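So this block is work-v2.cif, mmCIF, C-alpha atoms:
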data_start
loop_
_atom_site.label_atom_id
_atom_site.label_comp_id
_atom_site.auth_asym_id
_atom_site.auth_seq_id
_atom_site.Cartn_x
_atom_site.Cartn_y
_atom_site.Cartn_z
CA MET A 220 -22.05 -15.22 -12.33
CA SER A 221 -18.95 -13.91 -10.58
CA LEU A 222 -17.86 -12.39 -13.90
CA LEU A 223 -21.19 -10.53 -14.08
CA ILE A 224 -20.75 -9.19 -10.56
CA ALA A 225 -17.17 -8.16 -11.31
CA THR A 226 -18.23 -6.36 -14.50
CA LEU A 227 -21.13 -4.57 -12.78
CA SER A 228 -18.96 -3.40 -9.90
CA PHE A 229 -16.33 -2.29 -12.41
CA TYR A 230 -18.93 -0.07 -14.09
CA LEU A 231 -19.89 1.25 -10.64
CA VAL A 232 -16.26 2.14 -9.90
CA VAL A 233 -15.85 3.81 -13.30
CA ALA A 234 -19.04 5.82 -12.77
CA ALA A 235 -17.81 6.95 -9.33
CA THR A 236 -14.50 8.05 -10.85
CA VAL A 237 -15.95 10.01 -13.77
CA VAL A 238 -18.97 11.53 -11.97
CA GLY A 239 -16.77 12.51 -9.01
CA ALA A 240 -14.29 14.17 -11.36
CA ILE A 241 -17.08 16.08 -13.13
CA ILE A 242 -18.42 17.33 -9.77
CA ALA A 243 -14.86 18.22 -8.74
CA VAL A 244 -14.31 20.54 -11.71
CA ALA A 245 -17.82 21.81 -12.51
CA ALA A 246 -19.68 22.46 -9.24
CA ARG A 247 -19.80 26.10 -8.12
CA ASN A 248 -19.54 25.48 -4.38
CA ILE A 249 -15.91 24.79 -3.43
CA PHE A 250 -16.98 22.31 -0.76
CA HIS A 251 -18.87 20.24 -3.36
CA ASN A 252 -15.66 20.25 -5.39
CA VAL A 253 -13.76 18.62 -2.52
CA LEU A 254 -16.47 16.00 -1.98
CA GLY A 255 -16.43 15.18 -5.70
CA LEU A 256 -12.64 14.86 -5.55
CA ALA A 257 -12.96 12.39 -2.65
CA VAL A 258 -15.51 10.27 -4.58
CA SER A 259 -13.27 10.30 -7.65
CA LEU A 260 -10.19 9.29 -5.63
CA ILE A 261 -12.08 6.38 -4.04
CA GLY A 262 -13.10 5.33 -7.56
CA VAL A 263 -9.45 5.39 -8.68
CA ALA A 264 -8.58 3.25 -5.64
CA GLY A 265 -11.19 0.74 -6.85
CA LEU A 266 -9.55 0.76 -10.29
CA PHE A 267 -6.21 -0.02 -8.59
CA LEU A 268 -7.89 -3.03 -6.97
CA TYR A 269 -8.92 -4.23 -10.44
CA LEU A 270 -5.28 -3.72 -11.51
CA ASN A 271 -4.12 -6.32 -8.95
CA SER A 272 -2.62 -3.81 -6.50
CA PRO A 273 -4.48 -3.78 -3.17
CA PHE A 274 -1.48 -2.14 -1.49
CA VAL A 275 -1.50 0.93 -3.74
CA ALA A 276 -5.31 1.10 -3.46
CA LEU A 277 -5.06 1.24 0.33
CA MET A 278 -2.31 3.87 0.11
CA GLN A 279 -4.52 5.89 -2.27
CA ILE A 280 -7.38 5.94 0.24
CA LEU A 281 -5.02 6.61 3.16
CA ILE A 282 -2.95 9.41 1.60
CA TYR A 283 -5.33 11.06 -0.85
CA VAL A 284 -8.76 10.65 0.75
CA GLY A 285 -7.46 10.62 4.31
CA ALA A 286 -4.82 13.33 4.21
CA ILE A 287 -4.94 15.56 1.13
CA THR A 288 -8.73 15.99 1.05
CA ILE A 289 -8.81 16.83 4.75
CA ALA A 290 -5.96 19.33 4.26
CA ILE A 291 -7.94 20.99 1.45
CA CYS A 292 -10.99 21.18 3.77
CA PHE A 293 -8.83 22.98 6.37
CA ALA A 294 -7.57 25.42 3.73
CA ILE A 295 -11.19 26.14 2.69
CA MET A 296 -12.15 26.83 6.30
CA LEU A 297 -9.13 29.12 6.81
CA SER A 298 -9.67 31.15 3.62
CA GLN A 299 -12.65 32.72 1.85
CA PRO A 300 -15.95 32.43 3.79
CA LEU A 301 -18.51 30.34 1.91
CA TYR A 302 -21.43 32.75 2.43
CA LEU A 303 -19.86 35.39 0.18
CA PRO A 304 -21.45 35.34 -3.29
CA ALA A 305 -19.13 33.95 -5.94
CA PRO A 306 -18.34 36.28 -8.86
CA PRO A 307 -20.19 35.38 -12.08
CA ARG A 308 -18.36 33.14 -14.50
CA ASN A 309 -17.08 34.48 -17.78
CA PRO A 310 -18.76 32.32 -20.48
CA LEU A 311 -16.00 33.07 -22.99
CA LYS A 312 -13.40 31.68 -20.59
CA ILE A 313 -15.49 28.54 -19.93
CA GLN A 314 -15.85 27.95 -23.68
CA GLY A 315 -12.14 28.52 -24.27
CA ALA A 316 -11.22 26.10 -21.49
CA ALA A 317 -13.65 23.47 -22.83
CA PHE A 318 -12.26 23.95 -26.35
CA GLY A 319 -8.63 23.57 -25.21
CA ALA A 320 -9.35 20.55 -23.03
CA GLY A 321 -11.40 19.02 -25.86
CA LEU A 322 -8.50 19.40 -28.29
CA VAL A 323 -6.13 17.69 -25.85
CA PHE A 324 -8.77 14.98 -25.29
CA ILE A 325 -9.05 14.28 -29.03
CA PHE A 326 -5.26 14.23 -29.42
CA LEU A 327 -4.67 11.85 -26.48
CA GLY A 328 -7.62 9.64 -27.47
CA LEU A 329 -6.33 9.26 -31.05
CA LEU A 330 -2.82 8.62 -29.69
CA THR A 331 -4.14 5.86 -27.43
CA ARG A 332 -6.14 4.36 -30.28
CA GLN A 333 -3.36 4.34 -32.85
CA THR A 334 -0.56 2.97 -30.68
CA VAL A 335 0.08 -0.75 -30.62
CA TRP A 336 1.18 -1.78 -27.14
CA THR A 337 3.43 -4.82 -26.90
CA PRO A 338 3.95 -6.47 -23.51
CA ALA A 339 7.44 -7.29 -22.29
CA THR A 340 8.65 -10.64 -23.51
CA GLU A 341 9.35 -12.01 -20.06
CA ARG A 342 6.95 -11.05 -17.28
CA VAL A 343 7.28 -11.97 -13.61
CA GLN A 344 3.95 -12.88 -11.99
CA ASP A 345 4.81 -11.92 -8.44
CA TRP A 346 2.22 -9.48 -7.06
CA SER A 347 2.85 -9.92 -3.34
CA ILE A 348 3.29 -6.93 -1.04
CA ALA A 349 6.45 -8.50 0.42
CA THR A 350 8.12 -8.16 -2.99
CA ILE A 351 7.29 -4.46 -3.13
CA GLY A 352 8.80 -4.07 0.32
CA HIS A 353 11.99 -5.85 -0.78
CA TYR A 354 12.24 -3.64 -3.85
CA LEU A 355 11.65 -0.48 -1.81
CA LEU A 356 14.44 -1.35 0.59
CA ASN A 357 16.96 -2.76 -1.89
CA GLN A 358 16.83 -1.59 -5.48
CA TYR A 359 14.74 1.56 -5.00
CA VAL A 360 16.01 2.62 -1.59
CA VAL A 361 17.09 6.01 -2.98
CA ILE A 362 13.48 6.74 -4.02
CA PHE A 363 12.29 5.76 -0.55
CA GLU A 364 14.78 8.06 1.19
CA LEU A 365 14.09 10.84 -1.31
CA ILE A 366 10.37 10.67 -0.52
CA SER A 367 11.01 11.03 3.20
CA LEU A 368 13.41 13.94 2.69
CA LEU A 369 10.94 15.63 0.31
CA LEU A 370 8.08 15.28 2.79
CA LEU A 371 10.23 16.68 5.60
CA VAL A 372 11.26 19.70 3.52
CA ALA A 373 7.66 20.25 2.38
CA MET A 374 6.45 20.12 5.98
CA LEU A 375 9.01 22.68 7.13
CA GLY A 376 8.23 24.90 4.13
CA ALA A 377 4.49 24.71 4.78
CA ILE A 378 4.96 25.70 8.43
CA VAL A 379 7.22 28.63 7.55
CA THR A 380 4.95 29.88 4.75
CA ALA A 381 1.68 29.57 6.64
CA ARG A 382 3.03 31.34 9.74
CA GLY A 383 3.43 34.54 7.76
CA GLY A 384 6.67 34.20 5.88
CA ARG A 385 10.01 35.82 6.54
CA GLY A 386 10.22 38.61 9.08
CA SER A 387 7.33 37.68 11.36
CA SER A 388 8.15 36.20 14.72
CA MET B 281 -12.11 -10.89 -22.53
CA PRO B 282 -13.91 -8.91 -19.78
CA ILE B 283 -13.76 -5.14 -20.03
CA PHE B 284 -11.75 -4.73 -16.84
CA ASN B 285 -8.95 -6.90 -18.23
CA GLN B 286 -8.07 -4.71 -21.18
CA LEU B 287 -5.35 -2.09 -21.24
CA ASP B 288 -7.36 0.33 -23.43
CA THR B 289 -10.16 0.74 -20.87
CA TYR B 290 -7.78 2.12 -18.29
CA LEU B 291 -5.92 4.31 -20.78
CA TYR B 292 -9.17 5.95 -22.00
CA LEU B 293 -10.27 6.47 -18.38
CA ALA B 294 -6.95 8.16 -17.64
CA VAL B 295 -7.41 10.39 -20.71
CA ILE B 296 -10.90 11.40 -19.50
CA LEU B 297 -9.61 12.17 -15.98
CA PHE B 298 -6.66 14.16 -17.34
CA CYS B 299 -8.81 16.27 -19.65
CA LEU B 300 -11.38 16.97 -16.92
CA GLY B 301 -8.51 18.15 -14.72
CA LEU B 302 -7.12 20.29 -17.54
CA TYR B 303 -10.55 21.86 -18.08
CA GLY B 304 -10.70 22.65 -14.35
CA VAL B 305 -7.24 24.24 -14.35
CA LEU B 306 -8.12 26.41 -17.35
CA SER B 307 -11.62 27.48 -16.34
CA ARG B 308 -11.62 27.93 -12.54
CA ARG B 309 -10.42 31.08 -10.79
CA ASN B 310 -10.48 29.85 -7.20
CA LEU B 311 -6.96 28.71 -6.26
CA ILE B 312 -8.24 25.73 -4.25
CA ALA B 313 -10.33 24.57 -7.22
CA VAL B 314 -7.22 24.76 -9.42
CA LEU B 315 -5.36 22.62 -6.86
CA ILE B 316 -8.20 20.04 -6.88
CA SER B 317 -7.99 19.85 -10.69
CA VAL B 318 -4.22 19.31 -10.52
CA GLU B 319 -4.81 16.41 -8.13
CA LEU B 320 -7.14 14.86 -10.74
CA MET B 321 -4.42 15.16 -13.41
CA LEU B 322 -1.85 13.53 -11.10
CA ASN B 323 -4.30 10.69 -10.52
CA ALA B 324 -4.64 10.17 -14.25
CA ALA B 325 -0.84 9.85 -14.51
CA SER B 326 -0.70 7.35 -11.69
CA LEU B 327 -3.57 5.34 -13.25
CA ASN B 328 -1.51 5.16 -16.46
CA PHE B 329 1.52 3.89 -14.54
CA MET B 330 -0.56 1.20 -12.84
CA ALA B 331 -2.22 0.11 -16.11
CA PHE B 332 1.11 -0.28 -17.93
CA ASN B 333 2.45 -2.05 -14.87
CA ARG B 334 -0.44 -4.53 -14.91
CA PHE B 335 -0.41 -5.34 -18.64
CA LEU B 336 3.02 -4.59 -20.11
CA ALA B 337 5.84 -4.20 -17.58
CA PRO B 338 8.38 -6.95 -16.98
CA HIS B 339 8.13 -6.70 -13.21
CA PRO B 340 4.93 -5.75 -11.33
CA ALA B 341 6.67 -3.91 -8.48
CA VAL B 342 8.10 -1.04 -10.56
CA GLY B 343 4.86 0.67 -11.53
CA GLN B 344 3.48 0.43 -8.00
CA ILE B 345 6.60 2.16 -6.67
CA ALA B 346 6.17 4.89 -9.31
CA ALA B 347 2.54 5.35 -8.20
CA LEU B 348 3.64 5.60 -4.56
CA PHE B 349 6.22 8.22 -5.55
CA ILE B 350 3.53 10.25 -7.33
CA MET B 351 1.35 10.08 -4.21
CA ALA B 352 4.16 11.35 -1.96
CA VAL B 353 5.00 14.19 -4.36
CA ALA B 354 1.29 15.09 -4.56
CA ALA B 355 1.09 15.20 -0.76
CA ALA B 356 4.13 17.52 -0.57
CA GLU B 357 2.72 19.70 -3.35
CA ALA B 358 -0.67 19.95 -1.63
CA ALA B 359 0.92 20.93 1.70
CA ILE B 360 3.02 23.69 0.11
CA ALA B 361 0.20 24.95 -2.12
CA LEU B 362 -2.33 25.09 0.71
CA SER B 363 0.04 26.99 2.99
CA ILE B 364 0.70 29.46 0.17
CA ILE B 365 -3.08 29.83 -0.31
CA VAL B 366 -3.58 30.54 3.39
CA ALA B 367 -0.74 33.10 3.41
CA LEU B 368 -2.11 34.71 0.23
CA TYR B 369 -5.60 34.96 1.70
CA ARG B 370 -4.19 36.63 4.79
CA LYS B 371 -2.42 39.20 2.63
CA LEU B 372 -4.97 39.87 -0.14
CA LYS B 373 -8.27 38.79 1.52
CA SER B 374 -9.03 36.82 -1.64
CA ILE B 375 -7.99 33.54 -3.26
CA ASN B 376 -9.03 34.52 -6.76
CA ILE B 377 -6.07 33.96 -9.10
CA GLU B 378 -6.87 37.16 -11.00
CA HIS B 379 -6.22 39.22 -7.85
CA ALA B 380 -2.85 37.57 -7.16
CA THR B 381 -0.79 39.84 -9.40
CA GLU B 382 1.74 41.12 -6.86
CA LEU B 383 4.71 39.75 -8.81
CA ARG B 384 3.66 41.29 -12.12
CA GLY B 385 6.35 43.64 -13.41
#

What is this file in C-alpha coordinates?
Amino acid sequence: MSLLIATLSFYLVVAATVVGAIIAVAARNIFHNVLGLAVSLIGVAGLFLYLNSPFVALMQILIYVGAITIAICFAIMLSQPLYLPAPPRNPLKIQGAAFGAGLVFIFLGLLTRQTVWTPATERVQDWSIATIGHYLLNQYVVIFELISLLLLVAMLGAIVTARGGRGSS
Amino acid sequence: MPIFNQLDTYLYLAVILFCLGLYGVLSRRNLIAVLISVELMLNAASLNFMAFNRFLAPHPAVGQIAALFIMAVAAAEAAIALSIIVALYRKLKSINIEHATELRG
(Lines of atoms letter the chains of each structure in order from A and count residues from 1; the text may use other names and numbers.)
(Lines give C-alpha, C1' and ligand atoms only; values in the text may rest on other atoms or scores of the structure.)
Protein backbone atom coordinates (compact mmCIF):
# COMPACT_ATOMS: atom_id res chain seq x y z
CA MET A 1 0.00 0.00 0.00
CA SER A 2 2.72 2.47 0.94
CA LEU A 3 4.59 1.42 -2.20
CA LEU A 4 1.51 2.29 -4.28
CA ILE A 5 1.25 5.71 -2.65
CA ALA A 6 4.97 6.32 -3.17
CA THR A 7 4.74 5.34 -6.85
CA LEU A 8 1.66 7.50 -7.45
CA SER A 9 3.22 10.54 -5.82
CA PHE A 10 6.40 9.91 -7.81
CA TYR A 11 4.36 10.09 -11.03
CA LEU A 12 2.76 13.29 -9.72
CA VAL A 13 6.19 14.84 -9.09
CA VAL A 14 7.43 13.76 -12.53
CA ALA A 15 4.33 15.24 -14.18
CA ALA A 16 4.85 18.54 -12.31
CA THR A 17 8.48 18.64 -13.47
CA VAL A 18 7.81 17.91 -17.14
CA VAL A 19 4.58 19.92 -17.53
CA GLY A 20 6.14 22.88 -15.70
CA ALA A 21 9.17 22.74 -17.99
CA ILE A 22 6.95 22.63 -21.10
CA ILE A 23 5.00 25.68 -19.87
CA ALA A 24 8.29 27.41 -19.06
CA VAL A 25 9.62 27.11 -22.62
CA ALA A 26 6.45 27.11 -24.76
CA ALA A 27 3.97 29.62 -23.29
CA ARG A 28 3.84 33.00 -25.03
CA ASN A 29 3.23 35.13 -21.94
CA ILE A 30 6.53 35.67 -20.08
CA PHE A 31 4.75 35.58 -16.72
CA HIS A 32 3.34 32.11 -17.49
CA ASN A 33 6.92 31.07 -18.28
CA VAL A 34 8.04 32.06 -14.78
CA LEU A 35 5.12 30.24 -13.13
CA GLY A 36 5.91 27.11 -15.17
CA LEU A 37 9.55 27.38 -14.08
CA ALA A 38 8.47 27.54 -10.42
CA VAL A 39 6.26 24.42 -10.82
CA SER A 40 9.11 22.58 -12.53
CA LEU A 41 11.61 23.56 -9.82
CA ILE A 42 9.25 22.35 -7.08
CA GLY A 43 8.95 19.07 -9.02
CA VAL A 44 12.75 18.74 -9.12
CA ALA A 45 12.81 19.36 -5.35
CA GLY A 46 10.38 16.44 -4.99
CA LEU A 47 12.73 14.28 -7.08
CA PHE A 48 15.56 15.23 -4.69
CA LEU A 49 13.38 13.98 -1.82
CA TYR A 50 13.07 10.64 -3.63
CA LEU A 51 16.87 10.66 -4.00
CA ASN A 52 17.28 10.65 -0.18
CA SER A 53 18.37 14.29 0.09
CA PRO A 54 15.84 16.39 2.02
CA PHE A 55 18.50 19.05 2.67
CA VAL A 56 19.15 19.73 -1.01
CA ALA A 57 15.39 19.63 -1.70
CA LEU A 58 14.82 22.35 0.90
CA MET A 59 17.71 24.39 -0.51
CA GLN A 60 16.20 23.99 -4.00
CA ILE A 61 12.88 25.44 -2.85
CA LEU A 62 14.58 28.17 -0.81
CA ILE A 63 17.11 29.35 -3.41
CA TYR A 64 15.42 28.62 -6.73
CA VAL A 65 11.71 29.06 -6.02
CA GLY A 66 12.20 31.59 -3.25
CA ALA A 67 14.96 33.77 -4.66
CA ILE A 68 15.65 33.27 -8.37
CA THR A 69 12.00 33.12 -9.48
CA ILE A 70 11.18 36.24 -7.49
CA ALA A 71 14.21 38.02 -8.98
CA ILE A 72 13.00 37.10 -12.48
CA CYS A 73 9.53 38.49 -11.59
CA PHE A 74 11.18 41.79 -10.59
CA ALA A 75 13.13 41.89 -13.86
CA ILE A 76 9.88 41.33 -15.80
CA MET A 77 8.21 44.18 -13.94
CA LEU A 78 11.17 46.50 -14.56
CA SER A 79 11.47 45.74 -18.29
CA GLN A 80 9.04 45.35 -21.20
CA PRO A 81 5.39 46.11 -20.31
CA LEU A 82 3.18 43.05 -20.69
CA TYR A 83 0.37 44.84 -22.57
CA LEU A 84 2.55 45.38 -25.65
CA PRO A 85 1.75 42.80 -28.35
CA ALA A 86 4.51 40.23 -28.78
CA PRO A 87 6.05 40.01 -32.26
CA PRO A 88 4.89 36.97 -34.26
CA ARG A 89 7.06 33.89 -34.04
CA ASN A 90 9.10 32.76 -36.99
CA PRO A 91 7.91 29.18 -37.73
CA LEU A 92 11.20 28.30 -39.45
CA LYS A 93 13.13 29.21 -36.30
CA ILE A 94 10.75 27.16 -34.10
CA GLN A 95 11.17 24.14 -36.38
CA GLY A 96 14.95 24.55 -36.44
CA ALA A 97 15.10 24.79 -32.65
CA ALA A 98 12.86 21.71 -32.27
CA PHE A 99 15.01 19.81 -34.77
CA GLY A 100 18.27 20.69 -32.99
CA ALA A 101 16.91 19.92 -29.54
CA GLY A 102 15.43 16.67 -30.87
CA LEU A 103 18.81 15.59 -32.25
CA VAL A 104 20.49 16.27 -28.90
CA PHE A 105 17.62 14.41 -27.17
CA ILE A 106 18.12 11.33 -29.35
CA PHE A 107 21.89 11.43 -28.83
CA LEU A 108 21.68 11.77 -25.03
CA GLY A 109 18.89 9.19 -24.80
CA LEU A 110 20.89 6.61 -26.77
CA LEU A 111 23.98 7.44 -24.68
CA THR A 112 22.03 6.85 -21.47
CA ARG A 113 20.61 3.61 -22.83
CA GLN A 114 23.87 2.14 -24.05
CA THR A 115 26.04 2.92 -21.04
CA VAL A 116 26.42 0.34 -18.31
CA TRP A 117 26.68 2.09 -14.95
CA THR A 118 28.63 0.29 -12.25
CA PRO A 119 28.30 1.46 -8.64
CA ALA A 120 31.39 2.08 -6.53
CA THR A 121 32.62 -1.06 -4.84
CA GLU A 122 32.46 0.39 -1.35
CA ARG A 123 29.59 2.72 -0.54
CA VAL A 124 29.05 4.60 2.72
CA GLN A 125 25.40 4.69 3.81
CA ASP A 126 25.52 7.89 5.79
CA TRP A 127 22.85 10.32 4.57
CA SER A 128 22.63 12.61 7.59
CA ILE A 129 22.74 16.39 7.23
CA ALA A 130 25.42 16.59 9.95
CA THR A 131 27.80 14.68 7.68
CA ILE A 132 27.25 17.18 4.87
CA GLY A 133 28.00 19.97 7.32
CA HIS A 134 31.23 18.27 8.40
CA TYR A 135 32.29 17.80 4.79
CA LEU A 136 31.46 21.42 3.92
CA LEU A 137 33.61 22.73 6.75
CA ASN A 138 36.51 20.27 6.49
CA GLN A 139 37.23 18.66 3.16
CA TYR A 140 35.29 21.04 0.91
CA VAL A 141 35.85 24.27 2.81
CA VAL A 142 37.42 25.89 -0.28
CA ILE A 143 34.17 25.33 -2.22
CA PHE A 144 32.20 26.86 0.64
CA GLU A 145 34.38 29.98 0.77
CA LEU A 146 34.43 30.21 -3.02
CA ILE A 147 30.62 30.23 -3.10
CA SER A 148 30.46 33.10 -0.62
CA LEU A 149 33.09 35.10 -2.51
CA LEU A 150 31.30 34.44 -5.82
CA LEU A 151 27.96 35.58 -4.42
CA LEU A 152 29.53 38.74 -2.99
CA VAL A 153 31.17 39.61 -6.32
CA ALA A 154 27.94 38.85 -8.21
CA MET A 155 25.98 41.08 -5.85
CA LEU A 156 28.38 43.99 -6.30
CA GLY A 157 28.41 43.47 -10.07
CA ALA A 158 24.61 43.38 -10.23
CA ILE A 159 24.34 46.64 -8.27
CA VAL A 160 26.92 48.39 -10.45
CA THR A 161 25.38 47.14 -13.72
CA ALA A 162 21.77 47.86 -12.84
CA ARG A 163 22.52 51.40 -11.62
CA GLY A 164 23.54 52.41 -15.12
CA GLY A 165 27.08 51.22 -15.55
CA ARG A 166 30.30 53.20 -15.55
CA GLY A 167 30.13 56.97 -15.65
CA SER A 168 26.75 57.55 -14.00
CA SER A 169 26.73 58.85 -10.47
CA MET B 1 12.17 -2.77 -8.12
CA PRO B 2 9.94 0.35 -7.92
CA ILE B 3 10.37 2.92 -10.66
CA PHE B 4 11.66 5.61 -8.31
CA ASN B 5 14.56 3.38 -7.23
CA GLN B 6 16.19 3.05 -10.62
CA LEU B 7 19.02 5.19 -11.93
CA ASP B 8 17.69 5.24 -15.51
CA THR B 9 14.43 6.98 -14.57
CA TYR B 10 16.27 9.99 -13.25
CA LEU B 11 18.75 10.07 -16.12
CA TYR B 12 15.96 10.09 -18.74
CA LEU B 13 14.14 12.81 -16.79
CA ALA B 14 17.31 14.90 -16.78
CA VAL B 15 17.67 14.36 -20.55
CA ILE B 16 14.07 15.55 -21.09
CA LEU B 17 14.61 18.64 -18.91
CA PHE B 18 17.90 19.47 -20.64
CA CYS B 19 16.43 19.19 -24.13
CA LEU B 20 13.38 21.29 -23.22
CA GLY B 21 15.78 23.95 -21.92
CA LEU B 22 17.87 23.71 -25.09
CA TYR B 23 14.74 24.12 -27.23
CA GLY B 24 13.84 27.22 -25.20
CA VAL B 25 17.30 28.74 -25.60
CA LEU B 26 17.24 28.16 -29.36
CA SER B 27 13.68 29.26 -30.09
CA ARG B 28 12.88 32.17 -27.75
CA ARG B 29 13.86 35.77 -28.45
CA ASN B 30 12.94 37.33 -25.12
CA LEU B 31 16.10 37.52 -22.97
CA ILE B 32 14.23 36.61 -19.77
CA ALA B 33 12.77 33.52 -21.46
CA VAL B 34 16.29 32.48 -22.51
CA LEU B 35 17.42 32.88 -18.88
CA ILE B 36 14.49 30.69 -17.69
CA SER B 37 15.51 27.98 -20.17
CA VAL B 38 19.12 28.11 -18.93
CA GLU B 39 17.84 27.57 -15.39
CA LEU B 40 16.05 24.43 -16.61
CA MET B 41 19.29 23.11 -18.14
CA LEU B 42 21.19 23.78 -14.90
CA ASN B 43 18.50 21.87 -13.02
CA ALA B 44 18.95 18.90 -15.33
CA ALA B 45 22.68 18.90 -14.54
CA SER B 46 22.06 19.02 -10.82
CA LEU B 47 19.47 16.21 -11.10
CA ASN B 48 22.17 14.11 -12.80
CA PHE B 49 24.62 14.82 -9.99
CA MET B 50 22.06 13.81 -7.37
CA ALA B 51 21.09 10.62 -9.23
CA PHE B 52 24.70 9.45 -9.57
CA ASN B 53 25.24 10.40 -5.95
CA ARG B 54 22.28 8.27 -4.85
CA PHE B 55 23.06 5.14 -6.89
CA LEU B 56 26.77 5.05 -7.75
CA ALA B 57 28.99 7.35 -5.68
CA PRO B 58 31.17 6.04 -2.87
CA HIS B 59 30.12 8.77 -0.46
CA PRO B 60 26.66 10.40 -0.44
CA ALA B 61 27.85 13.86 0.63
CA VAL B 62 29.86 14.67 -2.51
CA GLY B 63 27.02 14.89 -5.01
CA GLN B 64 24.90 16.98 -2.66
CA ILE B 65 27.76 19.47 -2.29
CA ALA B 66 28.09 19.60 -6.10
CA ALA B 67 24.34 20.31 -6.37
CA LEU B 68 24.63 23.08 -3.78
CA PHE B 69 27.52 24.58 -5.76
CA ILE B 70 25.41 24.55 -8.94
CA MET B 71 22.60 26.32 -7.07
CA ALA B 72 24.93 29.08 -5.81
CA VAL B 73 26.44 29.59 -9.28
CA ALA B 74 22.93 29.71 -10.77
CA ALA B 75 21.92 32.36 -8.24
CA ALA B 76 24.97 34.49 -9.09
CA GLU B 77 24.34 34.02 -12.81
CA ALA B 78 20.68 35.01 -12.46
CA ALA B 79 21.57 38.16 -10.49
CA ILE B 80 24.13 39.30 -13.08
CA ALA B 81 21.94 38.39 -16.07
CA LEU B 82 18.87 40.15 -14.69
CA SER B 83 20.80 43.33 -13.93
CA ILE B 84 22.22 43.26 -17.47
CA ILE B 85 18.66 42.80 -18.81
CA VAL B 86 17.41 45.79 -16.82
CA ALA B 87 20.34 47.96 -18.00
CA LEU B 88 19.79 46.80 -21.60
CA TYR B 89 16.08 47.62 -21.45
CA ARG B 90 16.89 51.08 -20.15
CA LYS B 91 19.25 51.66 -23.08
CA LEU B 92 17.40 49.98 -25.97
CA LYS B 93 13.76 49.98 -24.74
CA SER B 94 13.58 46.32 -25.74
CA ILE B 95 14.75 42.96 -24.40
CA ASN B 96 14.56 41.16 -27.73
CA ILE B 97 17.91 39.48 -28.39
CA GLU B 98 17.74 40.41 -32.07
CA HIS B 99 17.82 44.12 -31.17
CA ALA B 100 20.85 43.76 -28.87
CA THR B 101 23.48 44.08 -31.59
CA GLU B 102 25.47 47.01 -30.19
CA LEU B 103 28.71 45.01 -30.02
CA ARG B 104 28.50 43.74 -33.60
CA GLY B 105 31.54 44.85 -35.58

For this session: Could you expand the PyMOL selection byres ((chain B) within 6 of (chain A)) into the explicit residues it covers here, written as JSON, numbers by chain?
Result: {"B": [299, 302, 303, 304, 306, 307, 334, 336, 337, 338, 339, 341, 356, 360, 363, 367, 369]}

For this session: Enter the distance from atom CA of B:Asn285 to atom CA of B:Phe298, in Å, rounded to one decimal.
Result: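 Those two atoms sit 21.2 Å apart.
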
Can you build me a table of stretch 290-370 of chain B residues sitting at most 12 Å from stretch 378-382 of chain B, with the closest atom pair per residue and its distance in Å to one decimal, using all atoms listed in the file, sorted by chain and residue number, as JSON lines?
{"residue": "B:Arg308", "atom": "CA", "partner": "B:Glu378", "partner_atom": "CA", "distance": 10.5}
{"residue": "B:Arg309", "atom": "CA", "partner": "B:Glu378", "partner_atom": "CA", "distance": 7.0}
{"residue": "B:Asn310", "atom": "CA", "partner": "B:Glu378", "partner_atom": "CA", "distance": 9.0}
{"residue": "B:Leu311", "atom": "CA", "partner": "B:Glu378", "partner_atom": "CA", "distance": 9.7}
{"residue": "B:Ile364", "atom": "CA", "partner": "B:Ala380", "partner_atom": "CA", "distance": 11.5}
{"residue": "B:Ile365", "atom": "CA", "partner": "B:Ala380", "partner_atom": "CA", "distance": 10.3}
{"residue": "B:Ala367", "atom": "CA", "partner": "B:Ala380", "partner_atom": "CA", "distance": 11.7}
{"residue": "B:Leu368", "atom": "CA", "partner": "B:Ala380", "partner_atom": "CA", "distance": 8.0}
{"residue": "B:Tyr369", "atom": "CA", "partner": "B:Ala380", "partner_atom": "CA", "distance": 9.6}

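Atom to atom, atom CA of B:Leu362 and atom CA of B:Leu315 stand 8.5 Å apart.
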
For this session: In Å, rounded to a single decimal, give me how far atom CA of B:Phe349 is from atom CA of B:Gly301.
Result: 20.0 Å

Exercise. Could you spell out the hits of the PyMOL selection byres ((chain B and resi 330) around 8) on the shown file, as an MDAnalysis selection string?
Worked result: (chainID A and resid 267 270) or (chainID B and resid 326:329 331:334 343:344 347)
